[in-house]
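K.L.:
The structure follows.
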Amino acid sequence: MKEKIEKLLDIETLDRNLFRGRGEGGEVASRVFGGHVIAQALAAAYKTVDDRLCHSLHAYFIRPGDPSTPIIYEVDRARDGGSFTTRRVVAIQNGKQIFNMAASFHIEEEGWSHQHKMKEVKGPSGVLNRNEQRMLIADKVPEKRRENFLNPKPIEIRDVDPPDLFNPEPTSDKNFLWFKVDGTLDTENQWAHHCFLAYASDVSLLGSGNRPHGVSAYSGDVMLASLDHAMWFHEKINFNEWHLYEMDSPFSGAARSLNRGKVFSQDGILVASVAQEGLMRPLKRKPNT
C-alpha cells in the first residue's frame, strides 16, 4: 500500500503551471475515483504555493476519468495576496476537462474558536475494516464488478454500522465511519495529509442520501455519481491516526442528493467539513421475461 500512496501524489512538473498525475491506482479500477482527482489537483496547487495551507476547496466533476491515461493539471495562479492565496486547477484528459477546482490558502492567524461536539460511536477498535467486510460478501457481487469491489485502497476504512449493500432497508441518513491512511505519511508534510483526507472525503459520502430510500450502488435501482465537492480544513491533521467521518443528507430530490460530512480526530477535534451534491437517478427495472 506504501507504493500506492507514493504513486497517488507523485505529481510530475511539466512546466511552471503544468503538472501530470497517474490515472490508475485509486478507489476503483474501471474509472478515476473522484477523490483521486481531488487529491492530485490539490497536490498540483500546493506545488505553486509557499508556506500556506489550504483552508477550502470547491470542485466540479465534469466527465468520467480514464484510469489508463495520465491526467494533466493546469494551475491558474489567480492571486497571491497578503493573507490569502487563490488557485484554480483544471484536470484534462484527451484534450477535454474532466474536473475543475478552486482552492484558497491562508496564513496562520489567531481568532475566536468553537466547534460542534463529536458523537460517541463504537470503534475503531473492534470494528472490521472494509476490506474484511467485503471479503465476506464478495460472492454476491457480479464477477464483472468484483475487481472494483475488492480493489485495495490507500485508505483504511472501518464502517460503524454498514448497511446491506444488496438488499438495503430504509434507515437514517446518519452515517459514520473511521478512516486513516493505510501507511505512514511524513507528519511535517501537512499538504500530503490534506491531499489524502481530500481523497478519503469522497468515500461513502454520496451513500448518505441513499440510506432513507433503501438503495445502494449495488441494489440495481439507482444511478449514482458525484457532481461537485466542497471542503474546508479547520485544523492541522495527522491522517496517520484514526478520524471519525460523520455524514448526513438533509435533502434529496430532482434526481440529486445533498450530503454533508464532519471529520473529527479521535480526540474530538473537528479538523474538516465537507459537502457534496450527487446524482441519484432512479433506474427502471426491466420486467421479467
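Residues in the C-alpha cells are numbered from 1 in each chain, the chains being A, B, ... in the order shown, and ligands are numbered from 1 in the order shown.
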Please identify every residue of segment 219-264 of chain A that has at least one atom no farther than 12 Å from an atom of segment 144-163 of chain A, counting only C-alpha atoms, and for each give the shortest atom pair and the distance in Å to one decimal, arranged by chain then increasing number, as CSV.
P.N.:
```
residue,atom,partner,partner_atom,distance
A:Ser219,CA,A:Pro163,CA,11.4
A:Phe239,CA,A:Ile155,CA,9.7
A:Asn240,CA,A:Ile155,CA,9.9
A:Glu241,CA,A:Glu156,CA,10.4
A:Trp242,CA,A:Glu156,CA,9.1
A:His243,CA,A:Ile157,CA,9.8
A:Leu244,CA,A:Arg158,CA,9.5
A:Tyr245,CA,A:Asp159,CA,9.6
A:Glu246,CA,A:Val160,CA,10.2
A:Met247,CA,A:Val160,CA,11.7
```
K.L.:
Grab the residues selected above and save them as a short mmCIF file (atom, residue, chain, number, x, y, z; two decimals), in the first residue's frame with N, CA, C and O atoms.
P.N.:
```cif
data_model
loop_
_atom_site.label_atom_id
_atom_site.label_comp_id
_atom_site.auth_asym_id
_atom_site.auth_seq_id
_atom_site.Cartn_x
_atom_site.Cartn_y
_atom_site.Cartn_z
N SER A 219 -27.63 -2.17 -5.41
CA SER A 219 -29.01 -2.66 -5.36
C SER A 219 -29.69 -2.68 -6.72
O SER A 219 -30.79 -3.23 -6.87
N PHE A 239 -3.18 12.35 9.51
CA PHE A 239 -4.04 11.31 8.95
C PHE A 239 -3.41 9.92 9.06
O PHE A 239 -3.96 8.94 8.57
N ASN A 240 -2.27 9.81 9.75
CA ASN A 240 -1.75 8.50 10.14
C ASN A 240 -2.60 7.90 11.25
O ASN A 240 -2.53 6.70 11.51
N GLU A 241 -3.38 8.76 11.93
CA GLU A 241 -4.20 8.33 13.06
C GLU A 241 -5.67 8.29 12.65
O GLU A 241 -6.09 8.93 11.69
N TRP A 242 -6.47 7.54 13.40
CA TRP A 242 -7.89 7.37 13.09
C TRP A 242 -8.65 8.69 13.21
O TRP A 242 -8.41 9.49 14.11
N HIS A 243 -9.58 8.89 12.29
CA HIS A 243 -10.51 10.02 12.31
C HIS A 243 -11.93 9.50 12.11
O HIS A 243 -12.14 8.52 11.39
N LEU A 244 -12.88 10.16 12.75
CA LEU A 244 -14.29 9.80 12.59
C LEU A 244 -14.91 10.68 11.51
O LEU A 244 -14.79 11.91 11.56
N TYR A 245 -15.57 10.04 10.55
CA TYR A 245 -16.28 10.76 9.49
C TYR A 245 -17.77 10.63 9.78
O TYR A 245 -18.35 9.56 9.67
N GLU A 246 -18.37 11.74 10.20
CA GLU A 246 -19.81 11.79 10.50
C GLU A 246 -20.52 12.42 9.30
O GLU A 246 -20.23 13.55 8.92
N MET A 247 -21.46 11.68 8.70
CA MET A 247 -22.12 12.13 7.47
C MET A 247 -23.64 12.14 7.63
O MET A 247 -24.20 11.37 8.41
#
```
K.L.:
Please identify the alpha helix (DSSP H) residues within segment 127-247 of chain A (assignment by DSSP from backbone atoms) and present them as a PyMOL selection string.
P.N.:
chain A and resi 130-137+143-150+190-200
K.L.:
Could you go through segment 99-223 of chain A and tell me which residues DSSP, when run on the backbone, assigns to strand (DSSP E), listing them as a PDB file with N, CA, C and O atoms, in the first residue's frame?
P.N.:
```
ATOM      1  N   PHE A  99     -12.517  17.810 -14.839  1.00  0.00           N
ATOM      2  CA  PHE A  99     -12.681  18.271 -13.460  1.00  0.00           C
ATOM      3  C   PHE A  99     -12.091  19.663 -13.368  1.00  0.00           C
ATOM      4  O   PHE A  99     -11.122  19.993 -14.063  1.00  0.00           O
ATOM      5  N   ASN A 100     -12.696  20.528 -12.545  1.00  0.00           N
ATOM      6  CA  ASN A 100     -12.029  21.781 -12.218  1.00  0.00           C
ATOM      7  C   ASN A 100     -12.245  22.118 -10.753  1.00  0.00           C
ATOM      8  O   ASN A 100     -13.202  21.646 -10.123  1.00  0.00           O
ATOM      9  N   MET A 101     -11.353  22.918 -10.190  1.00  0.00           N
ATOM     10  CA  MET A 101     -11.367  23.181  -8.755  1.00  0.00           C
ATOM     11  C   MET A 101     -10.807  24.567  -8.466  1.00  0.00           C
ATOM     12  O   MET A 101      -9.840  25.001  -9.100  1.00  0.00           O
ATOM     13  N   ALA A 102     -11.409  25.250  -7.522  1.00  0.00           N
ATOM     14  CA  ALA A 102     -10.844  26.467  -6.955  1.00  0.00           C
ATOM     15  C   ALA A 102     -10.412  26.158  -5.527  1.00  0.00           C
ATOM     16  O   ALA A 102     -11.135  25.478  -4.787  1.00  0.00           O
ATOM     17  N   ALA A 103      -9.245  26.617  -5.136  1.00  0.00           N
ATOM     18  CA  ALA A 103      -8.737  26.371  -3.788  1.00  0.00           C
ATOM     19  C   ALA A 103      -8.151  27.658  -3.226  1.00  0.00           C
ATOM     20  O   ALA A 103      -7.540  28.448  -3.950  1.00  0.00           O
ATOM     21  N   SER A 104      -8.335  27.854  -1.916  1.00  0.00           N
ATOM     22  CA  SER A 104      -7.827  29.040  -1.248  1.00  0.00           C
ATOM     23  C   SER A 104      -6.902  28.624  -0.111  1.00  0.00           C
ATOM     24  O   SER A 104      -7.172  27.658   0.615  1.00  0.00           O
ATOM     25  N   PHE A 105      -5.804  29.359   0.043  1.00  0.00           N
ATOM     26  CA  PHE A 105      -4.770  29.070   1.040  1.00  0.00           C
ATOM     27  C   PHE A 105      -4.626  30.293   1.948  1.00  0.00           C
ATOM     28  O   PHE A 105      -4.729  31.433   1.486  1.00  0.00           O
ATOM     29  N   HIS A 106      -4.340  30.067   3.230  1.00  0.00           N
ATOM     30  CA  HIS A 106      -4.392  31.140   4.221  1.00  0.00           C
ATOM     31  C   HIS A 106      -3.170  31.061   5.122  1.00  0.00           C
ATOM     32  O   HIS A 106      -2.689  29.978   5.464  1.00  0.00           O
ATOM     33  N   ILE A 155      -6.628   4.019   1.665  1.00  0.00           N
ATOM     34  CA  ILE A 155      -7.247   4.460   2.915  1.00  0.00           C
ATOM     35  C   ILE A 155      -7.823   3.248   3.630  1.00  0.00           C
ATOM     36  O   ILE A 155      -8.510   2.432   3.020  1.00  0.00           O
ATOM     37  N   GLU A 156      -7.532   3.102   4.928  1.00  0.00           N
ATOM     38  CA  GLU A 156      -8.182   2.048   5.716  1.00  0.00           C
ATOM     39  C   GLU A 156      -9.485   2.599   6.271  1.00  0.00           C
ATOM     40  O   GLU A 156      -9.514   3.681   6.874  1.00  0.00           O
ATOM     41  N   ILE A 157     -10.567   1.854   6.057  1.00  0.00           N
ATOM     42  CA  ILE A 157     -11.910   2.309   6.430  1.00  0.00           C
ATOM     43  C   ILE A 157     -12.551   1.282   7.346  1.00  0.00           C
ATOM     44  O   ILE A 157     -12.484   0.077   7.087  1.00  0.00           O
ATOM     45  N   ARG A 158     -13.201   1.745   8.398  1.00  0.00           N
ATOM     46  CA  ARG A 158     -13.977   0.883   9.291  1.00  0.00           C
ATOM     47  C   ARG A 158     -15.370   1.482   9.445  1.00  0.00           C
ATOM     48  O   ARG A 158     -15.555   2.496  10.117  1.00  0.00           O
ATOM     49  N   ASP A 159     -16.353   0.858   8.793  1.00  0.00           N
ATOM     50  CA  ASP A 159     -17.733   1.333   8.848  1.00  0.00           C
ATOM     51  C   ASP A 159     -18.343   0.985  10.195  1.00  0.00           C
ATOM     52  O   ASP A 159     -18.276  -0.169  10.647  1.00  0.00           O
ATOM     53  N   ASN A 175     -24.625   8.565   9.044  1.00  0.00           N
ATOM     54  CA  ASN A 175     -23.694   7.533   8.615  1.00  0.00           C
ATOM     55  C   ASN A 175     -22.330   7.839   9.232  1.00  0.00           C
ATOM     56  O   ASN A 175     -21.885   8.984   9.204  1.00  0.00           O
ATOM     57  N   PHE A 176     -21.666   6.826   9.795  1.00  0.00           N
ATOM     58  CA  PHE A 176     -20.384   7.032  10.473  1.00  0.00           C
ATOM     59  C   PHE A 176     -19.366   6.003   9.997  1.00  0.00           C
ATOM     60  O   PHE A 176     -19.698   4.830   9.817  1.00  0.00           O
ATOM     61  N   LEU A 177     -18.136   6.443   9.828  1.00  0.00           N
ATOM     62  CA  LEU A 177     -17.038   5.513   9.607  1.00  0.00           C
ATOM     63  C   LEU A 177     -15.759   6.101  10.187  1.00  0.00           C
ATOM     64  O   LEU A 177     -15.640   7.312  10.381  1.00  0.00           O
ATOM     65  N   TRP A 178     -14.818   5.220  10.467  1.00  0.00           N
ATOM     66  CA  TRP A 178     -13.484   5.614  10.881  1.00  0.00           C
ATOM     67  C   TRP A 178     -12.545   5.427   9.695  1.00  0.00           C
ATOM     68  O   TRP A 178     -12.677   4.450   8.945  1.00  0.00           O
ATOM     69  N   PHE A 179     -11.610   6.339   9.499  1.00  0.00           N
ATOM     70  CA  PHE A 179     -10.642   6.162   8.420  1.00  0.00           C
ATOM     71  C   PHE A 179      -9.311   6.817   8.749  1.00  0.00           C
ATOM     72  O   PHE A 179      -9.204   7.683   9.609  1.00  0.00           O
ATOM     73  N   LYS A 180      -8.287   6.328   8.050  1.00  0.00           N
ATOM     74  CA  LYS A 180      -6.938   6.882   8.146  1.00  0.00           C
ATOM     75  C   LYS A 180      -6.169   6.375   6.926  1.00  0.00           C
ATOM     76  O   LYS A 180      -6.617   5.457   6.225  1.00  0.00           O
ATOM     77  N   VAL A 181      -5.010   6.957   6.662  1.00  0.00           N
ATOM     78  CA  VAL A 181      -4.211   6.484   5.545  1.00  0.00           C
ATOM     79  C   VAL A 181      -3.686   5.086   5.876  1.00  0.00           C
ATOM     80  O   VAL A 181      -3.351   4.787   7.029  1.00  0.00           O
ATOM     81  N   VAL A 222     -30.572   2.418  -8.834  1.00  0.00           N
ATOM     82  CA  VAL A 222     -30.200   3.825  -8.780  1.00  0.00           C
ATOM     83  C   VAL A 222     -28.887   4.041  -9.536  1.00  0.00           C
ATOM     84  O   VAL A 222     -27.996   3.189  -9.523  1.00  0.00           O
ATOM     85  N   MET A 223     -28.806   5.168 -10.252  1.00  0.00           N
ATOM     86  CA  MET A 223     -27.555   5.603 -10.872  1.00  0.00           C
ATOM     87  C   MET A 223     -26.963   6.697 -10.001  1.00  0.00           C
ATOM     88  O   MET A 223     -27.632   7.685  -9.703  1.00  0.00           O
TER      89      MET A 223
END
```
K.L.:
Residues at most 8 Å from Gln190 of chain A, counting only C-alpha atoms, excluding those fewer than 6 positions away in the same chain, as number ranges by chain?
P.N.:
A: 53, 236-238
K.L.:
For Val75 of chain A, which residue among A:Thr13, A:Asn94, A:Ser257, A:Ser125 is the nearest when counting only C-alpha atoms?
P.N.:
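Of A:Thr13, A:Asn94, A:Ser257, A:Ser125, the one nearest Val75 of chain A is A:Thr13, counting only C-alpha atoms.
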K.L.:
Would you mind telling me which residue in A:Ala44, A:Thr187, A:Ile137, A:Ser226 lies nearest to Arg63 of chain A when using only C-alpha atoms?
P.N.:
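Smallest separation from Arg63 of chain A among the options: A:Ser226.
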K.L.:
Pick out the closest residue to Lys122 of chain A from this set: A:Phe251, A:Pro70, A:Gly278, A:Gln266. Count only C-alpha atoms.
P.N.:
A:Gln266
K.L.:
Work out how far apart atom CA of Glu235 of chain A and atom CA of His193 of chain A are and give it in Å to one decimal.
P.N.:
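A separation of 11.4 Å between them.
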K.L.:
Could you check the closest approach to Leu224 of chain A for each of A:Glu169, A:Asp182, A:Asp10, A:Glu277 and tell me which residue wins, using only C-alpha atoms?
P.N.:
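Ranking A:Glu169, A:Asp182, A:Asp10, A:Glu277 by distance to Leu224 of chain A, first place goes to A:Glu277.
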K.L.:
Calculated over only C-alpha atoms, which of the candidates A:Val49, A:Met118, A:Met231, A:Ala78 has the smallest distance to Asp202 of chain A?
P.N.:
A:Met231
K.L.:
Figure out the distance between atom CA of Lys174 of chain A and atom CA of Lys117 of chain A, please, to one decimal in Å.
P.N.:
15.4 Å
K.L.:
Tell me, in Å to one decimal, how far atom CA of Gly23 of chain A is from atom CA of Val37 of chain A.
P.N.:
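Interatomic distance here is 8.2 Å.
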K.L.:
Give me, as a list in words, all polymer residues having an atom no more than 12 Å from Asp15 of chain A, counting only C-alpha atoms and skipping those fewer than 6 positions away in the same chain.
P.N.:
Ala44, Lys47, Thr48, Ile72, Tyr73, Glu74 and Val75 of chain A
K.L.:
Would you mind exporting all heavy atoms of the selected residues as a PDB file, in the first residue's frame?
P.N.:
```pdb
ATOM      1  N   ALA A  44      -1.190  19.467  -6.990  1.00  0.00           N
ATOM      2  CA  ALA A  44      -0.666  20.356  -8.033  1.00  0.00           C
ATOM      3  C   ALA A  44      -0.739  21.807  -7.589  1.00  0.00           C
ATOM      4  O   ALA A  44       0.206  22.592  -7.781  1.00  0.00           O
ATOM      5  CB  ALA A  44      -1.438  20.146  -9.335  1.00  0.00           C
ATOM      6  N   LYS A  47       1.958  22.784  -5.177  1.00  0.00           N
ATOM      7  CA  LYS A  47       3.276  22.976  -5.780  1.00  0.00           C
ATOM      8  C   LYS A  47       3.520  24.431  -6.195  1.00  0.00           C
ATOM      9  O   LYS A  47       4.646  24.823  -6.482  1.00  0.00           O
ATOM     10  CB  LYS A  47       3.443  22.053  -6.989  1.00  0.00           C
ATOM     11  CG  LYS A  47       3.735  20.595  -6.620  1.00  0.00           C
ATOM     12  CD  LYS A  47       3.933  19.754  -7.854  1.00  0.00           C
ATOM     13  CE  LYS A  47       4.381  18.337  -7.489  1.00  0.00           C
ATOM     14  NZ  LYS A  47       5.767  18.290  -6.986  1.00  0.00           N
ATOM     15  N   THR A  48       2.468  25.246  -6.234  1.00  0.00           N
ATOM     16  CA  THR A  48       2.607  26.642  -6.640  1.00  0.00           C
ATOM     17  C   THR A  48       2.427  27.606  -5.464  1.00  0.00           C
ATOM     18  O   THR A  48       2.358  28.813  -5.669  1.00  0.00           O
ATOM     19  CB  THR A  48       1.577  26.991  -7.731  1.00  0.00           C
ATOM     20  OG1 THR A  48       0.256  27.035  -7.167  1.00  0.00           O
ATOM     21  CG2 THR A  48       1.606  25.983  -8.868  1.00  0.00           C
ATOM     22  N   ILE A  72      -3.558  15.570 -16.896  1.00  0.00           N
ATOM     23  CA  ILE A  72      -2.819  16.828 -16.918  1.00  0.00           C
ATOM     24  C   ILE A  72      -3.551  17.836 -16.026  1.00  0.00           C
ATOM     25  O   ILE A  72      -4.765  18.004 -16.134  1.00  0.00           O
ATOM     26  CB  ILE A  72      -2.706  17.384 -18.349  1.00  0.00           C
ATOM     27  CG1 ILE A  72      -2.024  16.367 -19.266  1.00  0.00           C
ATOM     28  CG2 ILE A  72      -1.949  18.715 -18.357  1.00  0.00           C
ATOM     29  CD1 ILE A  72      -0.615  15.997 -18.849  1.00  0.00           C
ATOM     30  N   TYR A  73      -2.795  18.501 -15.157  1.00  0.00           N
ATOM     31  CA  TYR A  73      -3.354  19.518 -14.258  1.00  0.00           C
ATOM     32  C   TYR A  73      -2.755  20.875 -14.609  1.00  0.00           C
ATOM     33  O   TYR A  73      -1.539  21.061 -14.528  1.00  0.00           O
ATOM     34  CB  TYR A  73      -3.060  19.166 -12.800  1.00  0.00           C
ATOM     35  CG  TYR A  73      -3.734  17.890 -12.351  1.00  0.00           C
ATOM     36  CD1 TYR A  73      -3.071  16.675 -12.417  1.00  0.00           C
ATOM     37  CD2 TYR A  73      -5.045  17.897 -11.882  1.00  0.00           C
ATOM     38  CE1 TYR A  73      -3.691  15.500 -12.032  1.00  0.00           C
ATOM     39  CE2 TYR A  73      -5.675  16.735 -11.484  1.00  0.00           C
ATOM     40  CZ  TYR A  73      -4.996  15.534 -11.568  1.00  0.00           C
ATOM     41  OH  TYR A  73      -5.621  14.368 -11.179  1.00  0.00           O
ATOM     42  N   GLU A  74      -3.624  21.805 -14.991  1.00  0.00           N
ATOM     43  CA  GLU A  74      -3.193  23.162 -15.311  1.00  0.00           C
ATOM     44  C   GLU A  74      -3.613  24.086 -14.175  1.00  0.00           C
ATOM     45  O   GLU A  74      -4.799  24.190 -13.851  1.00  0.00           O
ATOM     46  CB  GLU A  74      -3.820  23.624 -16.623  1.00  0.00           C
ATOM     47  CG  GLU A  74      -3.347  24.986 -17.086  1.00  0.00           C
ATOM     48  CD  GLU A  74      -3.914  25.391 -18.439  1.00  0.00           C
ATOM     49  OE1 GLU A  74      -4.740  24.632 -18.994  1.00  0.00           O
ATOM     50  OE2 GLU A  74      -3.539  26.470 -18.922  1.00  0.00           O
ATOM     51  N   VAL A  75      -2.638  24.754 -13.563  1.00  0.00           N
ATOM     52  CA  VAL A  75      -2.893  25.611 -12.404  1.00  0.00           C
ATOM     53  C   VAL A  75      -2.870  27.077 -12.820  1.00  0.00           C
ATOM     54  O   VAL A  75      -1.913  27.537 -13.452  1.00  0.00           O
ATOM     55  CB  VAL A  75      -1.856  25.369 -11.294  1.00  0.00           C
ATOM     56  CG1 VAL A  75      -2.127  26.280 -10.097  1.00  0.00           C
ATOM     57  CG2 VAL A  75      -1.859  23.907 -10.862  1.00  0.00           C
TER      58      VAL A  75
END
```
K.L.:
Calculated over only C-alpha atoms, which of the candidates A:His36, A:Gly220, A:Tyr46, A:Gly183 has the smallest distance to Val203 of chain A?
P.N.:
A:His36
